[in-house]
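Structure, as structure tokens:
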Protein chains: 2
Amino acid sequence: MDTVADPKRIAVQFTLINWNLNREKAESLLHTLSDEAFENEVAPGRNRGRYLIGHLIAEHDEMAGLIGERRQYEHYDALFLHSPDRSGKELPSMAELRSVWSELHERLTAYMTAMSPEDWFGRHSRISAEGFVHEPHRNRLAVLTNRNVHFGYHLGQLALLKG
Amino acid sequence: MDTVADPKRIAVQFTLINWNLNREKAESLLHTLSDEAFENEVAPGRNRGRYLIGHLIAEHDEMAGLIGERRQYEHYDALFLHSPDRSGKELPSMAELRSVWSELHERLTAYMTAMSPEDWFGRHSRISAEGFVHEPHRNRLAVLTNRNVHFGYHLGQLALLKG
């Protein structure tokens, strides 16, 4: 197959470009803003920055599982996926979240960069082989496409923390 | 070609699903919130809802041009792409923006739904035929993928207008 014109490779390429752009924006905020700034709400009465960073970690760790990489932060699900901010549960410190962010995003990006176009067009872990025959668009690249939009959604909110 | 397993068709399918999800979220906000609510800032000192709706219209009208559909709201560029909110320029009313939103998004979605997978994997209007040989990922579907993330970014902010 001509790799230059391979549509699978092309679709993977531009989707990973968007992932990397989102990741750069997030890491620029993490680099620029203090721990204290992440204690602020993105708007009055809304989620705090610290909660949203944990929420993105939990979503991206869940995505890791969907595309065949190991999950390492499932204990975040109860805090950041199944509970709202200020649920009464104690959240990890910004120091912990910064460290987990780096570990997860470096490992996940390396994993995704190494995946073949065929891997990306294979089924994700929550659809059965039978279901995938009828819904071949429910592949791993669709998961990343969806998470990129979700990533952008919360980046738009986190950007409001900037002074 | 087997249409079920055509990777171009599959990539178009899941990308349009994300477009439609974003559009539903935006139109739910437009349906739910009053004109007055769109006069509010998404956070203190930040863009007003009305400006962000105009900004999304301008971005999506520009996208129309990139993927081969006619542009109809280029006069919005100066207001919503090249000027920040409260630039001193008079912005269209919410009544006008609501009407333009519907016209543009109905026409654009119909146009995109009718595009063939080959159309989507063709070059967008800002890259030359020569450049496209070397960068075949700069296609129309890449434009939509990128705009979906941008759409999500501002939807995350507009959602803060909800009471």
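A note on labels: chains of the structure tokens are A, B, ... as shown, every chain counts residues from 1, and ligands are counted from 1 in their shown order.
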
>> Near chain B, meaning an atom within 6 Å, which residues of chain A appear when counting only C-alpha atoms? Write them as a VMD selection string.
In response: chain A and resid 10 14 43 137 142 149 152 to 154 156 to 157

> What lies within 10 Å of segment 75-78 of chain B using only C-alpha atoms, ignoring chain neighbours under 5 positions off, as a ChimeraX atom specification?
Replying inline: /B:54-55,57-59,61-62,83-84,89,91-92

> Using only C-alpha atoms, which residues sit within 12 Å of Ser87 of chain B once same-chain residues fewer than 5 positions away are excluded, as a PyMOL selection string?
Replying inline: chain B and resi 47+51+78-82

If you keep N, CA and C atoms, can you produce a file of those selected residues as a PDB file, in the first residue's frame?
```pdb
ATOM      1  N   ASN B  47     -15.125  37.207  27.380  1.00  0.00           N
ATOM      2  CA  ASN B  47     -16.038  37.436  26.262  1.00  0.00           C
ATOM      3  C   ASN B  47     -17.500  37.264  26.665  1.00  0.00           C
ATOM      4  N   TYR B  51     -20.804  37.686  21.650  1.00  0.00           N
ATOM      5  CA  TYR B  51     -19.570  37.700  20.854  1.00  0.00           C
ATOM      6  C   TYR B  51     -19.160  36.276  20.457  1.00  0.00           C
ATOM      7  N   ALA B  78     -14.359  40.790  10.270  1.00  0.00           N
ATOM      8  CA  ALA B  78     -13.766  41.970  10.918  1.00  0.00           C
ATOM      9  C   ALA B  78     -14.262  42.104  12.363  1.00  0.00           C
ATOM     10  N   LEU B  79     -15.508  41.705  12.591  1.00  0.00           N
ATOM     11  CA  LEU B  79     -16.101  41.848  13.926  1.00  0.00           C
ATOM     12  C   LEU B  79     -15.696  40.736  14.879  1.00  0.00           C
ATOM     13  N   PHE B  80     -15.652  39.499  14.338  1.00  0.00           N
ATOM     14  CA  PHE B  80     -15.583  38.342  15.229  1.00  0.00           C
ATOM     15  C   PHE B  80     -14.305  37.507  15.095  1.00  0.00           C
ATOM     16  N   LEU B  81     -13.522  37.772  14.049  1.00  0.00           N
ATOM     17  CA  LEU B  81     -12.253  37.043  13.926  1.00  0.00           C
ATOM     18  C   LEU B  81     -11.062  37.971  14.129  1.00  0.00           C
ATOM     19  N   HIS B  82     -11.202  39.217  13.663  1.00  0.00           N
ATOM     20  CA  HIS B  82     -10.062  40.136  13.708  1.00  0.00           C
ATOM     21  C   HIS B  82     -10.210  41.201  14.779  1.00  0.00           C
TER      22      HIS B  82
END
```

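Contact shell of Ser125 of chain B at 10 Å (only C-alpha atoms; same-chain neighbours under 6 positions omitted): Met63, Gly65, Leu66, Ile67, Gly68, Arg138, Asn139 and Arg140 of chain B.
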
>> Taking the DSSP secondary structure from the backbone, can you list the residues of segment 2-131 of chain A that are alpha helix (DSSP H), as a VMD selection string?
In response: chain A and resid 7 to 32 49 to 66 94 to 114 117 to 120 129 to 131
